[in-house]
Each structure stands twice: as C-alpha cells, then as structure tokens.
>>> print(open('upload.pdb').read())   # PDB, C-alpha atoms
ATOM      1  CA  MET A   1      55.821  88.471 108.386
ATOM      2  CA  GLU A   2      55.909  88.251 104.614
ATOM      3  CA  ARG A   3      56.446  91.991 104.232
ATOM      4  CA  ARG A   4      59.842  91.693 105.917
ATOM      5  CA  LYS A   5      61.236  89.719 103.003
ATOM      6  CA  PHE A   6      62.482  91.027  99.680
ATOM      7  CA  ILE A   7      61.741  89.053  96.558
ATOM      8  CA  LYS A   8      64.614  86.946  95.295
ATOM      9  CA  GLY A   9      66.202  88.326  92.148
ATOM     10  CA  SER A  10      65.120  91.893  92.873
ATOM     11  CA  ALA A  11      68.584  93.176  93.786
ATOM     12  CA  ILE A  12      70.208  95.548  91.354
ATOM     13  CA  ILE A  13      73.134  93.839  89.630
ATOM     14  CA  GLY A  14      75.392  94.692  86.736
ATOM     15  CA  ALA A  15      75.286  93.748  83.067
ATOM     16  CA  THR A  16      78.119  92.416  80.954
ATOM     17  CA  ALA A  17      79.974  94.569  78.451
ATOM     18  CA  VAL A  18      81.253  93.109  75.194
ATOM     19  CA  VAL A  19      83.459  94.501  72.483
ATOM     20  CA  PRO A  20      81.435  95.648  69.444
ATOM     21  CA  ASP A  21      81.897  93.917  66.097
ATOM     22  CA  LEU A  22      82.932  95.941  63.050
ATOM     23  CA  LEU A  23      81.158  95.393  59.764
ATOM     24  CA  LYS A  24      82.609  95.588  56.283
ATOM     25  CA  ALA A  25      82.392  98.558  53.961
ATOM     26  CA  SER A  26      79.011  97.411  52.608
ATOM     27  CA  SER A  27      77.408  99.250  55.520
ATOM     28  CA  GLY A  28      74.537 101.568  54.645
ATOM     29  CA  LEU A  29      75.554 104.213  57.165
ATOM     30  CA  PHE A  30      76.877 107.613  56.269
ATOM     31  CA  GLU A  31      78.834 110.328  58.049
ATOM     32  CA  SER A  32      76.792 113.416  58.906
ATOM     33  CA  GLY A  33      79.102 115.158  61.356
ATOM     34  CA  ASN A  34      76.325 115.302  63.955
ATOM     35  CA  GLU A  35      76.045 111.601  64.727
ATOM     36  CA  ARG A  36      76.655 110.323  68.234
ATOM     37  CA  LYS A  37      79.615 108.102  68.991
ATOM     38  CA  VAL A  38      79.151 104.678  70.527
ATOM     39  CA  TYR A  39      80.207 104.461  74.161
ATOM     40  CA  LYS A  40      79.704 100.741  74.797
ATOM     41  CA  ILE A  41      77.787  97.648  73.730
ATOM     42  CA  LEU A  42      76.094  95.665  76.529
ATOM     43  CA  GLN A  43      75.128  92.009  76.405
ATOM     44  CA  THR A  44      72.036  90.880  78.296
ATOM     45  CA  ASP A  45      72.220  88.333  81.119
ATOM     46  CA  LYS A  46      69.687  85.558  81.651
ATOM     47  CA  THR A  47      68.059  85.507  85.075
ATOM     48  CA  MET A  48      64.801  84.658  86.821
ATOM     49  CA  VAL A  49      62.395  87.011  88.572
ATOM     50  CA  GLY A  50      59.944  84.887  90.485
ATOM     51  CA  THR A  51      58.992  82.143  88.019
ATOM     52  CA  LEU A  52      59.509  84.437  85.033
ATOM     53  CA  PRO A  53      62.606  84.121  82.777
ATOM     54  CA  VAL A  54      64.081  87.490  81.811
ATOM     55  CA  LEU A  55      66.991  89.005  79.911
ATOM     56  CA  ARG A  56      68.582  91.807  81.937
ATOM     57  CA  ALA A  57      70.378  94.539  80.023
ATOM     58  CA  PHE A  58      71.425  96.756  82.932
ATOM     59  CA  ALA A  59      70.540  97.174  86.577
ATOM     60  CA  GLY A  60      71.774 100.234  88.403
ATOM     61  CA  ASP A  61      74.979 100.660  86.394
ATOM     62  CA  HIS A  62      75.946 102.911  83.465
ATOM     63  CA  ASN A  63      73.837 105.733  84.914
ATOM     64  CA  ASP A  64      75.824 108.416  83.093
ATOM     65  CA  TYR A  65      74.570 106.902  79.815
ATOM     66  CA  VAL A  66      71.101 105.513  80.623
ATOM     67  CA  SER A  67      69.602 107.997  83.115
ATOM     68  CA  PRO A  68      66.683 108.697  83.594
ATOM     69  CA  PHE A  69      66.337 104.900  83.148
ATOM     70  CA  VAL A  70      67.971 102.713  85.774
ATOM     71  CA  PHE A  71      66.958  99.100  85.084
ATOM     72  CA  PHE A  72      66.015  97.119  81.951
ATOM     73  CA  ASP A  73      64.439  93.655  81.654
ATOM     74  CA  GLU A  74      62.951  91.857  78.667
ATOM     75  CA  PHE A  75      60.561  89.117  79.832
ATOM     76  CA  GLY A  76      59.980  86.167  77.530
ATOM     77  CA  PRO A  77      59.169  85.376  74.863
ATOM     78  CA  VAL A  78      57.860  82.289  76.597
ATOM     79  CA  LYS A  79      55.005  79.994  75.569
ATOM     80  CA  VAL A  80      52.164  79.665  78.052
ATOM     81  CA  ASN A  81      49.659  76.819  77.773
ATOM     82  CA  ALA A  82      45.976  77.349  78.541
ATOM     83  CA  ASN A  83      45.077  76.590  82.181
ATOM     84  CA  ASP A  84      48.740  76.438  83.247
ATOM     85  CA  LYS A  85      49.690  77.924  86.603
ATOM     86  CA  PRO A  86      50.455  81.619  85.938
ATOM     87  CA  LEU A  87      54.058  82.795  85.680
ATOM     88  CA  ARG A  88      54.276  85.074  88.676
ATOM     89  CA  VAL A  89      56.337  87.602  90.596
ATOM     90  CA  GLU A  90      54.998  87.629  94.154
ATOM     91  CA  ALA A  91      54.087  90.868  95.897
ATOM     92  CA  HIS A  92      57.132  93.079  96.440
ATOM     93  CA  PRO A  93      57.799  96.759  97.206
ATOM     94  CA  HIS A  94      59.157  99.655  95.185
ATOM     95  CA  ALA A  95      60.006 103.240  96.085
ATOM     96  CA  GLY A  96      61.601 106.133  94.223
ATOM     97  CA  ILE A  97      61.130 104.614  90.765
ATOM     98  CA  ILE A  98      58.508 104.158  88.054
ATOM     99  CA  PRO A  99      58.424 100.587  86.734
ATOM    100  CA  ILE A 100      56.982 100.788  83.216
ATOM    101  CA  THR A 101      55.672  97.678  81.460
ATOM    102  CA  TYR A 102      55.061  97.295  77.717
ATOM    103  CA  PHE A 103      53.538  94.187  76.160
ATOM    104  CA  LEU A 104      54.587  92.917  72.731
ATOM    105  CA  GLU A 105      52.578  89.681  73.043
ATOM    106  CA  GLY A 106      50.179  88.115  75.498
ATOM    107  CA  SER A 107      48.628  89.623  78.595
ATOM    108  CA  GLY A 108      49.552  90.423  82.171
ATOM    109  CA  HIS A 109      47.883  90.964  85.517
ATOM    110  CA  HIS A 110      48.952  93.712  87.933
ATOM    111  CA  ARG A 111      47.586  94.113  91.459
ATOM    112  CA  ASP A 112      48.937  96.463  94.115
ATOM    113  CA  SER A 113      48.548  97.919  97.599
ATOM    114  CA  LEU A 114      46.851 101.000  96.107
ATOM    115  CA  ASN A 115      43.815  98.840  95.207
ATOM    116  CA  TYR A 116      44.557  98.924  91.488
ATOM    117  CA  ASP A 117      43.843  95.648  89.700
ATOM    118  CA  PHE A 118      44.647  95.673  85.962
ATOM    119  CA  GLN A 119      44.579  93.171  83.129
ATOM    120  CA  ILE A 120      47.147  94.404  80.590
ATOM    121  CA  SER A 121      47.045  93.327  76.944
ATOM    122  CA  LYS A 122      49.282  93.355  73.870
ATOM    123  CA  GLY A 123      50.301  96.911  72.990
ATOM    124  CA  ASP A 124      49.363  98.317  76.410
ATOM    125  CA  PHE A 125      51.748 100.411  78.482
ATOM    126  CA  MET A 126      51.610 100.610  82.279
ATOM    127  CA  MET A 127      53.294 103.108  84.588
ATOM    128  CA  PHE A 128      53.516 102.186  88.275
ATOM    129  CA  ASN A 129      54.832 105.313  89.978
ATOM    130  CA  SER A 130      55.917 103.912  93.328
ATOM    131  CA  GLY A 131      56.733 107.327  94.843
ATOM    132  CA  ARG A 132      57.263 107.061  98.591
ATOM    133  CA  GLY A 133      56.482 103.340  98.464
ATOM    134  CA  ALA A 134      53.948 100.760  97.310
ATOM    135  CA  ILE A 135      53.693  97.014  96.744
ATOM    136  CA  HIS A 136      52.614  95.142  93.641
ATOM    137  CA  MET A 137      52.215  91.625  92.275
ATOM    138  CA  GLU A 138      52.676  90.672  88.603
ATOM    139  CA  GLU A 139      51.678  87.549  86.708
ATOM    140  CA  THR A 140      50.534  86.291  83.323
ATOM    141  CA  GLY A 141      47.027  87.521  82.572
ATOM    142  CA  GLN A 142      43.570  86.030  82.194
ATOM    143  CA  LYS A 143      43.692  85.851  78.380
ATOM    144  CA  LEU A 144      46.792  83.659  78.507
ATOM    145  CA  TYR A 145      45.238  81.474  81.181
ATOM    146  CA  ASP A 146      42.096  80.991  79.083
ATOM    147  CA  ASN A 147      43.662  80.604  75.648
ATOM    148  CA  GLY A 148      47.419  80.145  76.023
ATOM    149  CA  GLY A 149      49.905  82.026  73.861
ATOM    150  CA  ILE A 150      53.199  83.918  73.969
ATOM    151  CA  TYR A 151      54.152  86.135  76.914
ATOM    152  CA  HIS A 152      56.629  88.805  75.841
ATOM    153  CA  GLY A 153      57.427  92.362  76.775
ATOM    154  CA  PHE A 154      59.568  94.721  78.798
ATOM    155  CA  GLN A 155      59.720  96.040  82.314
ATOM    156  CA  ILE A 156      62.028  99.014  82.526
ATOM    157  CA  TRP A 157      62.466 101.283  85.528
ATOM    158  CA  LEU A 158      62.475 105.051  85.298
ATOM    159  CA  ASN A 159      64.379 106.646  88.154
ATOM    160  CA  SER A 160      62.377 109.517  89.650
ATOM    161  CA  PRO A 161      64.324 112.734  90.274
ATOM    162  CA  ALA A 162      64.790 113.821  93.886
ATOM    163  CA  LYS A 163      61.802 116.181  93.971
ATOM    164  CA  TYR A 164      59.422 113.334  93.047
ATOM    165  CA  LYS A 165      60.887 110.540  95.193
ATOM    166  CA  PHE A 166      58.311 110.806  97.960
ATOM    167  CA  ILE A 167      55.134 111.737  96.099
ATOM    168  CA  ASP A 168      51.984 109.656  96.522
ATOM    169  CA  PRO A 169      52.180 106.418  94.488
ATOM    170  CA  THR A 170      49.800 105.717  91.614
ATOM    171  CA  ALA A 171      49.331 103.381  88.641
ATOM    172  CA  ASN A 172      47.951 103.836  85.127
ATOM    173  CA  VAL A 173      47.483 101.670  82.040
ATOM    174  CA  TYR A 174      47.547 103.333  78.608
ATOM    175  CA  LYS A 175      46.105 101.941  75.386
ATOM    176  CA  SER A 176      47.575 102.360  71.913
ATOM    177  CA  ASP A 177      45.206 105.231  71.061
ATOM    178  CA  VAL A 178      47.343 107.631  73.140
ATOM    179  CA  MET A 179      50.587 106.555  71.450
ATOM    180  CA  ASP A 180      51.329 108.137  68.082
ATOM    181  CA  GLU A 181      52.329 106.021  65.077
ATOM    182  CA  ILE A 182      54.682 106.551  62.137
ATOM    183  CA  LYS A 183      54.252 104.351  59.062
ATOM    184  CA  GLU A 184      56.716 104.689  56.200
ATOM    185  CA  LYS A 185      57.664 102.283  53.409
ATOM    186  CA  ASP A 186      60.922 101.223  55.079
ATOM    187  CA  TYR A 187      59.994 101.446  58.775
ATOM    188  CA  SER A 188      57.203 101.914  61.301
ATOM    189  CA  ALA A 189      57.392 103.335  64.816
ATOM    190  CA  ARG A 190      55.180 103.547  67.866
ATOM    191  CA  ILE A 191      55.860 106.597  70.024
ATOM    192  CA  VAL A 192      55.183 105.248  73.510
ATOM    193  CA  LEU A 193      56.677 108.295  75.261
ATOM    194  CA  GLY A 194      58.090 111.539  73.904
ATOM    195  CA  GLU A 195      58.284 112.783  70.328
ATOM    196  CA  MET A 196      59.911 111.587  67.107
ATOM    197  CA  PHE A 197      59.643 113.318  63.711
ATOM    198  CA  LYS A 198      56.666 115.384  65.021
ATOM    199  CA  ALA A 199      54.796 112.230  66.066
ATOM    200  CA  LYS A 200      54.054 112.674  69.755
ATOM    201  CA  SER A 201      52.731 110.486  72.565
ATOM    202  CA  LYS A 202      49.853 111.834  74.635
ATOM    203  CA  ILE A 203      51.179 110.159  77.791
ATOM    204  CA  GLU A 204      52.410 112.826  80.183
ATOM    205  CA  THR A 205      55.596 112.357  82.195
ATOM    206  CA  LEU A 206      57.063 114.276  85.123
ATOM    207  CA  PHE A 207      60.406 114.768  83.358
ATOM    208  CA  PRO A 208      61.728 114.576  79.753
ATOM    209  CA  VAL A 209      61.892 110.979  78.516
ATOM    210  CA  PHE A 210      61.316 109.111  75.259
ATOM    211  CA  TYR A 211      60.450 105.497  74.397
ATOM    212  CA  PHE A 212      60.199 104.425  70.740
ATOM    213  CA  HIS A 213      59.300 100.961  69.410
ATOM    214  CA  ILE A 214      60.649 100.744  65.842
ATOM    215  CA  ASN A 215      60.377  98.069  63.148
ATOM    216  CA  MET A 216      62.949  98.467  60.367
ATOM    217  CA  LYS A 217      62.694  96.756  56.981
ATOM    218  CA  ALA A 218      65.701  95.474  55.034
ATOM    219  CA  GLY A 219      67.782  98.390  53.765
ATOM    220  CA  CYS A 220      66.264 100.918  56.178
ATOM    221  CA  LYS A 221      68.440 103.880  57.108
ATOM    222  CA  LEU A 222      67.333 106.180  59.935
ATOM    223  CA  SER A 223      68.775 109.402  61.318
ATOM    224  CA  ILE A 224      66.824 110.138  64.486
ATOM    225  CA  PRO A 225      67.209 113.570  66.097
ATOM    226  CA  VAL A 226      67.892 113.768  69.842
ATOM    227  CA  ASP A 227      68.613 116.605  72.242
ATOM    228  CA  GLU A 228      72.414 116.746  72.493
ATOM    229  CA  THR A 229      72.190 117.014  76.300
ATOM    230  CA  HIS A 230      69.973 113.937  76.681
ATOM    231  CA  ASN A 231      70.972 110.296  76.979
ATOM    232  CA  ALA A 232      69.934 107.778  74.316
ATOM    233  CA  PHE A 233      70.361 104.036  73.911
ATOM    234  CA  VAL A 234      69.048 101.333  71.582
ATOM    235  CA  TYR A 235      68.055  97.742  72.378
ATOM    236  CA  VAL A 236      67.767  95.196  69.560
ATOM    237  CA  ILE A 237      64.733  92.964  70.079
ATOM    238  CA  LYS A 238      65.163  91.027  66.853
ATOM    239  CA  GLY A 239      67.575  91.127  63.920
ATOM    240  CA  ASN A 240      70.832  93.081  63.653
ATOM    241  CA  ILE A 241      71.560  96.739  63.060
ATOM    242  CA  GLU A 242      74.540  98.970  62.344
ATOM    243  CA  THR A 243      75.200 102.292  63.973
ATOM    244  CA  THR A 244      77.916 104.944  64.120
ATOM    245  CA  ASP A 245      81.484 103.890  63.210
ATOM    246  CA  VAL A 246      80.044 100.851  61.395
ATOM    247  CA  THR A 247      79.361  99.159  64.728
ATOM    248  CA  ALA A 248      77.230  96.011  64.628
ATOM    249  CA  VAL A 249      74.564  95.594  67.306
ATOM    250  CA  GLN A 250      73.020  92.146  67.487
ATOM    251  CA  THR A 251      69.828  90.664  68.915
ATOM    252  CA  ASN A 252      69.510  91.225  72.699
ATOM    253  CA  GLN A 253      72.339  93.747  72.820
ATOM    254  CA  VAL A 254      72.190  97.386  73.939
ATOM    255  CA  VAL A 255      74.193 100.186  72.395
ATOM    256  CA  LEU A 256      74.964 103.146  74.661
ATOM    257  CA  TYR A 257      75.894 106.498  73.135
ATOM    258  CA  GLU A 258      77.951 109.451  74.233
ATOM    259  CA  ARG A 259      76.159 112.785  74.517
ATOM    260  CA  GLY A 260      77.118 115.997  72.731
ATOM    261  CA  LYS A 261      75.713 115.305  69.241
ATOM    262  CA  ASN A 262      72.112 115.503  68.050
ATOM    263  CA  THR A 263      71.644 112.503  65.733
ATOM    264  CA  ILE A 264      71.438 108.721  66.147
ATOM    265  CA  ASN A 265      72.264 106.954  62.855
ATOM    266  CA  LEU A 266      70.890 103.432  62.360
ATOM    267  CA  PHE A 267      70.924 101.008  59.422
ATOM    268  CA  SER A 268      69.441  97.551  59.003
ATOM    269  CA  ALA A 269      70.564  95.251  56.178
ATOM    270  CA  GLY A 270      67.678  92.892  57.053
ATOM    271  CA  ASP A 271      64.458  93.250  59.009
ATOM    272  CA  ALA A 272      64.984  94.390  62.599
ATOM    273  CA  GLU A 273      62.924  95.376  65.627
ATOM    274  CA  ILE A 274      64.338  97.771  68.230
ATOM    275  CA  LEU A 275      63.562  99.974  71.202
ATOM    276  CA  MET A 276      65.140 103.425  71.395
ATOM    277  CA  LEU A 277      64.974 105.097  74.795
ATOM    278  CA  GLY A 278      66.452 108.044  76.632
ATOM    279  CA  GLY A 279      65.821 111.405  78.177
ATOM    280  CA  LYS A 280      67.282 114.139  80.314
ATOM    281  CA  PRO A 281      69.783 112.681  82.821
ATOM    282  CA  HIS A 282      69.078 113.546  86.445
ATOM    283  CA  ASN A 283      72.721 114.196  87.405
ATOM    284  CA  GLU A 284      71.915 113.179  90.980
ATOM    285  CA  PRO A 285      73.473 110.592  93.313
ATOM    286  CA  VAL A 286      71.894 107.133  93.081
ATOM    287  CA  PHE A 287      71.584 104.854  96.110
ATOM    288  CA  ALA A 288      69.865 101.532  95.461
ATOM    289  CA  TYR A 289      68.828  98.684  97.720
ATOM    290  CA  GLY A 290      66.933  96.035  95.784
ATOM    291  CA  PRO A 291      63.673  97.631  94.605
ATOM    292  CA  PHE A 292      64.335 100.981  96.330
ATOM    293  CA  VAL A 293      66.230 103.672  94.391
ATOM    294  CA  MET A 294      66.927 106.904  96.243
ATOM    295  CA  ASN A 295      69.441 109.748  96.518
ATOM    296  CA  SER A 296      70.997 108.906  99.878
ATOM    297  CA  GLU A 297      71.570 106.046 102.289
ATOM    298  CA  GLU A 298      69.305 107.784 104.810
ATOM    299  CA  GLU A 299      66.422 107.698 102.306
ATOM    300  CA  ILE A 300      67.038 104.016 101.655
ATOM    301  CA  ARG A 301      66.860 103.304 105.383
ATOM    302  CA  LYS A 302      63.559 105.177 105.579
ATOM    303  CA  CYS A 303      62.128 103.105 102.715
ATOM    304  CA  TYR A 304      63.215  99.878 104.364
ATOM    305  CA  SER A 305      61.717 100.977 107.684
ATOM    306  CA  ASP A 306      58.437 101.985 106.038
ATOM    307  CA  TYR A 307      58.261  98.638 104.256
ATOM    308  CA  ARG A 308      58.959  96.582 107.387
ATOM    309  CA  SER A 309      56.407  98.546 109.410
ATOM    310  CA  GLY A 310      53.682  97.983 106.808
ATOM    311  CA  LYS A 311      53.370 101.607 105.634
ATOM    312  CA  MET A 312      53.649 100.459 102.003
ATOM    313  CA  GLY A 313      50.891  97.878 102.429
ATOM    314  CA  ASN A 314      50.615  94.190 103.201
ATOM    315  CA  PRO A 315      52.088  91.795 100.579
ATOM    316  CA  GLU A 316      49.864  88.986 101.816
ATOM    317  CA  LEU A 317      46.735  90.969 100.927
ATOM    318  CA  VAL A 318      48.142  91.900  97.502
ATOM    319  CA  ASN A 319      48.978  88.254  96.758
ATOM    320  CA  ASN A 320      45.734  86.788  98.039
ATOM    321  CA  SER A 321      43.002  89.358  97.340
ATOM    322  CA  LYS A 322      40.525  88.507  94.588
TER     323      LYS A 322
END
>>> encode(input="upload.pdb", output="structure tokens")
Amino acid sequence: MERRKFIKGSAIIGATAVVPDLLKASSGLFESGNERKVYKILQTDKTMVGTLPVLRAFAGDHNDYVSPFVFFDEFGPVKVNANDKPLRVEAHPHAGIIPITYFLEGSGHHRDSLNYDFQISKGDFMMFNSGRGAIHMEETGQKLYDNGGIYHGFQIWLNSPAKYKFIDPTANVYKSDVMDEIKEKDYSARIVLGEMFKAKSKIETLFPVFYFHINMKAGCKLSIPVDETHNAFVYVIKGNIETTDVTAVQTNQVVLYERGKNTINLFSAGDAEILMLGGKPHNEPVFAYGPFVMNSEEEIRKCYSDYRSGKMGNPELVNNSK
C-alpha cells in the first residue's frame, strides 16, 4: 500500500556550519550593551523534495537555538513554464508539527486528508497543524500552470509543544490583510507572526512565536527588540548583512544567536532581504522520524502505527482526488 511508504527526502538531516567572515571597520553597527552574541552561522544545503529543488538550512538540529522551529527549507526560486507538469511533493504524513508555508512568488496547491484543498498565492501564509497525524500533497498551483512564472517561498516547521502534539489536525490559509506592515524610508517589514515595533499580526498561534519578512535598503541599521528568554535567528534571502561583532552573513546563510540579551542588531551596506524568526523554546525532548516529531520514541511508534493502519488517511486519495 502507498501509505506504508515515506516520501524520499523527508528524513530530518543536519545542516552545515561555516565559520563567519569578519568585516572591516567600515561596518555600520554599533555597540549597545544589550545586543545578542552570534552563536553560529549555518550554510544551506541543496536537496530535492519530490521534484522540487530546495535549500535546507536546518533539519532537527540546533534545537537549543531555533526552537520552537525545527526545520527550514527555501523552495526555488525556480522558473515554471505554462502548461508544464507541476513540480510536486506526493502525499505524505506529518504529526506533532505545524508546517508553515509562505509564498514570495508564484502559487501553490495544497490538498490533504482533512478534505482541505487550497490554491495559495504570492504573499499568502498557510499553517498545516498536523496534530495527531494527517497527510498532505503539495505542488505548483493553477496560476503557474496557466501562465508560468517563478515559484519561490519557504516551508518551515514549527514543533508543537507536548500538550498540543495529539490535537485534531487542521489547515488554514491567511491573506496579507491579517499581517501587519511597517514602511519606513530605509526598510519595510511584513509581520507574518508575532509583533515588531508595535506592528502586530492578527494570526493566532498556540505558543509564542514570531516571523518577520524584512527588506532593508542600503545603509539600513536596525535594532530589533526580542524577549531575552526567546530564541531568534535570521536567514538572508538576498544580499548581505552584518550583525553583532561585525559578523558578515551572506545570501542563503542563517545566523543563530545566543539568548540572554534583548536586542538583535543588523546592518546592510546594500539592499538586502531577510527573514527573522524565533519564539519561546519548548525545552522538551525531541524525537524525530522523518515527518513525525514527538517527545518520545513511544510516541513516534504510535505515529508510525497510525500511519500504516490508515488512521491518518489514504495517500492515494489525496494524490488522485479532484
């Protein structure tokens, strides 16, 4: 049976750490005394998920510095021609996590065993709370099939805390009107989740988490407040930035920070586009088996048993339903 197989490329694997570069004294950063120290710079790894090329920043590692997030993929940018066969990730299960998908360009199609069937467009944000277990399929959307274009965005997994691991699964798509915006002369920001400089997303979450999409203009200097007990990290989508200790962070790298201070300092000599994410760490054990992320081996075995027995749904129906 198809449901007895796990999708290739779904296993949680590690990312590669690289030594940060140091910039010269022309840096625009300044010492405030409250800025967080850099823990490590991560380099993304190229991989494939289904027929979709992705850059993977981390996958189940560095939990002390990325929790409540547990997995980070950037998909694309890839050009899709009109009427081409869709780029696709066949139906596969999840449990104990919330895959969240954010589109920078193009469109996507999500269908799942909960009978949700969504077309997702540029700027949309989807949360697929897998809870005790559900199956979904993902592919390039109808707009790209009709017109062609660029397919580009992020799928990042939020790890549910223990008390929410086995809740009923659900899925939601949010439009830009529920995400607050900041527009200043030297930067703009979309507040997908959480709050930044009193700009606040209307999307509710089960635990404290933030997700900011920031565009910085040349010469921009930002000091972003964070709870000193929460994790925070920054991913550079495009351009290069500098952060604490005059550390350079380049395109497709992630900078992880130590906790204990309440400010993230960022500077961009040229234009740059970044994601800044974080939240309250769960401080719970993490057991992962492919797309299942739980708190014990026993829970993982239950997920696997539920999947094999069909309790999460039938992948063949998710793949083939119209």
>>> resolve_selection(input="upload.pdb", expression="the PyMOL selection byres ((chain A and resi 280) around 10)", output="short mmCIF file (atom, residue, chain, number, x, y, z; two decimals) with C-alpha atoms, in the frame of the given file")
data_model
loop_
_atom_site.label_atom_id
_atom_site.label_comp_id
_atom_site.auth_asym_id
_atom_site.auth_seq_id
_atom_site.Cartn_x
_atom_site.Cartn_y
_atom_site.Cartn_z
CA VAL A 66 71.10 105.51 80.62
CA SER A 67 69.60 108.00 83.12
CA PRO A 68 66.68 108.70 83.59
CA PHE A 69 66.34 104.90 83.15
CA PHE A 207 60.41 114.77 83.36
CA PRO A 208 61.73 114.58 79.75
CA VAL A 209 61.89 110.98 78.52
CA PHE A 210 61.32 109.11 75.26
CA ASP A 227 68.61 116.60 72.24
CA GLU A 228 72.41 116.75 72.49
CA THR A 229 72.19 117.01 76.30
CA HIS A 230 69.97 113.94 76.68
CA ASN A 231 70.97 110.30 76.98
CA ALA A 232 69.93 107.78 74.32
CA GLY A 278 66.45 108.04 76.63
CA GLY A 279 65.82 111.40 78.18
CA PRO A 281 69.78 112.68 82.82
CA HIS A 282 69.08 113.55 86.44
CA ASN A 283 72.72 114.20 87.40
#
>>> residues_around(input="upload.pdb", residues="Val192 of chain A", least_positions_apart="5", cutoff="8 Å", atoms="all atoms listed in the file", output="ChimeraX atom specification")
/A:125,179-180,201,203,210-213
>>> resolve_selection(input="upload.pdb", expression="the PyMOL selection byres ((chain A and resi 130) around 10)", output="PyMOL selection string")
chain A and resi 93-99+114+127-129+131-136+160+165-171+292+312
>>> closest_residue(input="upload.pdb", among="A:Asn320, A:Ser268, A:Thr44, A:Asn314", to="Val246 of chain A", atoms="all atoms listed in the file")
A:Ser268
>>> resolve_selection(input="upload.pdb", expression="the PyMOL selection byres ((chain A and resi 197) around 10)", output="number ranges by chain")
A: 182, 191, 195-196, 198-200, 224-225
>>> closest_residue(input="upload.pdb", among="A:Val226, A:Ile41, A:Leu266, A:Val49", to="Phe75 of chain A", atoms="all atoms listed in the file")
A:Val49
>>> residues_around(input="upload.pdb", residues="Gly60 of chain A", least_positions_apart="3", cutoff="12 Å", atoms="only C-alpha atoms", output="ChimeraX atom specification")
/A:10-15,56-57,63-73,97,156-159,285-294
>>> closest_residue(input="upload.pdb", among="A:Tyr151, A:Val255, A:Asp271, A:Leu42", to="Tyr187 of chain A", atoms="all atoms listed in the file")
A:Asp271
>>> atom_distance(input="upload.pdb", atom1="atom CA of Asn262 of chain A", atom2="atom CA of Val249 of chain A")
20.1 Å
>>> residues_around(input="upload.pdb", residues="segment 80-92 of chain A", least_positions_apart="4", cutoff="7 Å", atoms="all atoms listed in the file", output="list in words")
Phe6, Ile7, Val49, Gly50, Thr51, Leu52, Ile135, His136, Met137, Glu138, Glu139, Thr140, Leu144, Tyr145, Asp146, Asn147, Gly148, Gly149, Ile150, Tyr151, Pro315, Val318 and Asn319 of chain A
>>> write_last_selection(input="upload.pdb", atoms="C-alpha atoms", output="PDB file, keeping the file's coordinate frame")
ATOM      1  CA  PHE A   6      62.482  91.027  99.680  1.00  0.00           C
ATOM      2  CA  ILE A   7      61.741  89.053  96.558  1.00  0.00           C
ATOM      3  CA  VAL A  49      62.395  87.011  88.572  1.00  0.00           C
ATOM      4  CA  GLY A  50      59.944  84.887  90.485  1.00  0.00           C
ATOM      5  CA  THR A  51      58.992  82.143  88.019  1.00  0.00           C
ATOM      6  CA  LEU A  52      59.509  84.437  85.033  1.00  0.00           C
ATOM      7  CA  ILE A 135      53.693  97.014  96.744  1.00  0.00           C
ATOM      8  CA  HIS A 136      52.614  95.142  93.641  1.00  0.00           C
ATOM      9  CA  MET A 137      52.215  91.625  92.275  1.00  0.00           C
ATOM     10  CA  GLU A 138      52.676  90.672  88.603  1.00  0.00           C
ATOM     11  CA  GLU A 139      51.678  87.549  86.708  1.00  0.00           C
ATOM     12  CA  THR A 140      50.534  86.291  83.323  1.00  0.00           C
ATOM     13  CA  LEU A 144      46.792  83.659  78.507  1.00  0.00           C
ATOM     14  CA  TYR A 145      45.238  81.474  81.181  1.00  0.00           C
ATOM     15  CA  ASP A 146      42.096  80.991  79.083  1.00  0.00           C
ATOM     16  CA  ASN A 147      43.662  80.604  75.648  1.00  0.00           C
ATOM     17  CA  GLY A 148      47.419  80.145  76.023  1.00  0.00           C
ATOM     18  CA  GLY A 149      49.905  82.026  73.861  1.00  0.00           C
ATOM     19  CA  ILE A 150      53.199  83.918  73.969  1.00  0.00           C
ATOM     20  CA  TYR A 151      54.152  86.135  76.914  1.00  0.00           C
ATOM     21  CA  PRO A 315      52.088  91.795 100.579  1.00  0.00           C
ATOM     22  CA  VAL A 318      48.142  91.900  97.502  1.00  0.00           C
ATOM     23  CA  ASN A 319      48.978  88.254  96.758  1.00  0.00           C
TER      24      ASN A 319
END
>>> residues_around(input="upload.pdb", residues="segment 234-239 of chain A", least_positions_apart="3", cutoff="6 Å", atoms="only C-alpha atoms", output="VMD selection string")
chain A and resid 251 to 255 272 to 276
>>> write_last_selection(input="upload.pdb", atoms="C-alpha atoms", output="compact mmCIF listing (two decimals), keeping the file's coordinate frame")
# COMPACT_ATOMS: atom_id res chain seq x y z
CA THR A 251 69.83 90.66 68.92
CA ASN A 252 69.51 91.22 72.70
CA GLN A 253 72.34 93.75 72.82
CA VAL A 254 72.19 97.39 73.94
CA VAL A 255 74.19 100.19 72.40
CA ALA A 272 64.98 94.39 62.60
CA GLU A 273 62.92 95.38 65.63
CA ILE A 274 64.34 97.77 68.23
CA LEU A 275 63.56 99.97 71.20
CA MET A 276 65.14 103.42 71.40
>>> closest_residue(input="upload.pdb", among="A:Ala269, A:Met126, A:Met216, A:Leu55", to="Ser107 of chain A", atoms="only C-alpha atoms")
A:Met126
>>> closest_residue(input="upload.pdb", among="A:Gln250, A:Asn295, A:Gln155, A:Ser223", to="Arg36 of chain A", atoms="all atoms listed in the file")
A:Ser223
>>> atom_distance(input="upload.pdb", atom1="atom CA of His62 of chain A", atom2="atom CA of Lys37 of chain A")
15.8 Å
>>> atom_distance(input="upload.pdb", atom1="atom CA of Ser113 of chain A", atom2="atom CA of Tyr164 of chain A")
19.4 Å
>>> residues_around(input="upload.pdb", residues="Glu35 of chain A", least_positions_apart="4", cutoff="7 Å", atoms="all atoms listed in the file", output="list of chain:residue names")
A:Thr244, A:Lys261, A:Asn262, A:Thr263, A:Ile264, A:Asn265
>>> closest_residue(input="upload.pdb", among="A:Gly310, A:Gly108, A:Gly33, A:Gly270", to="His152 of chain A", atoms="only C-alpha atoms")
A:Gly108
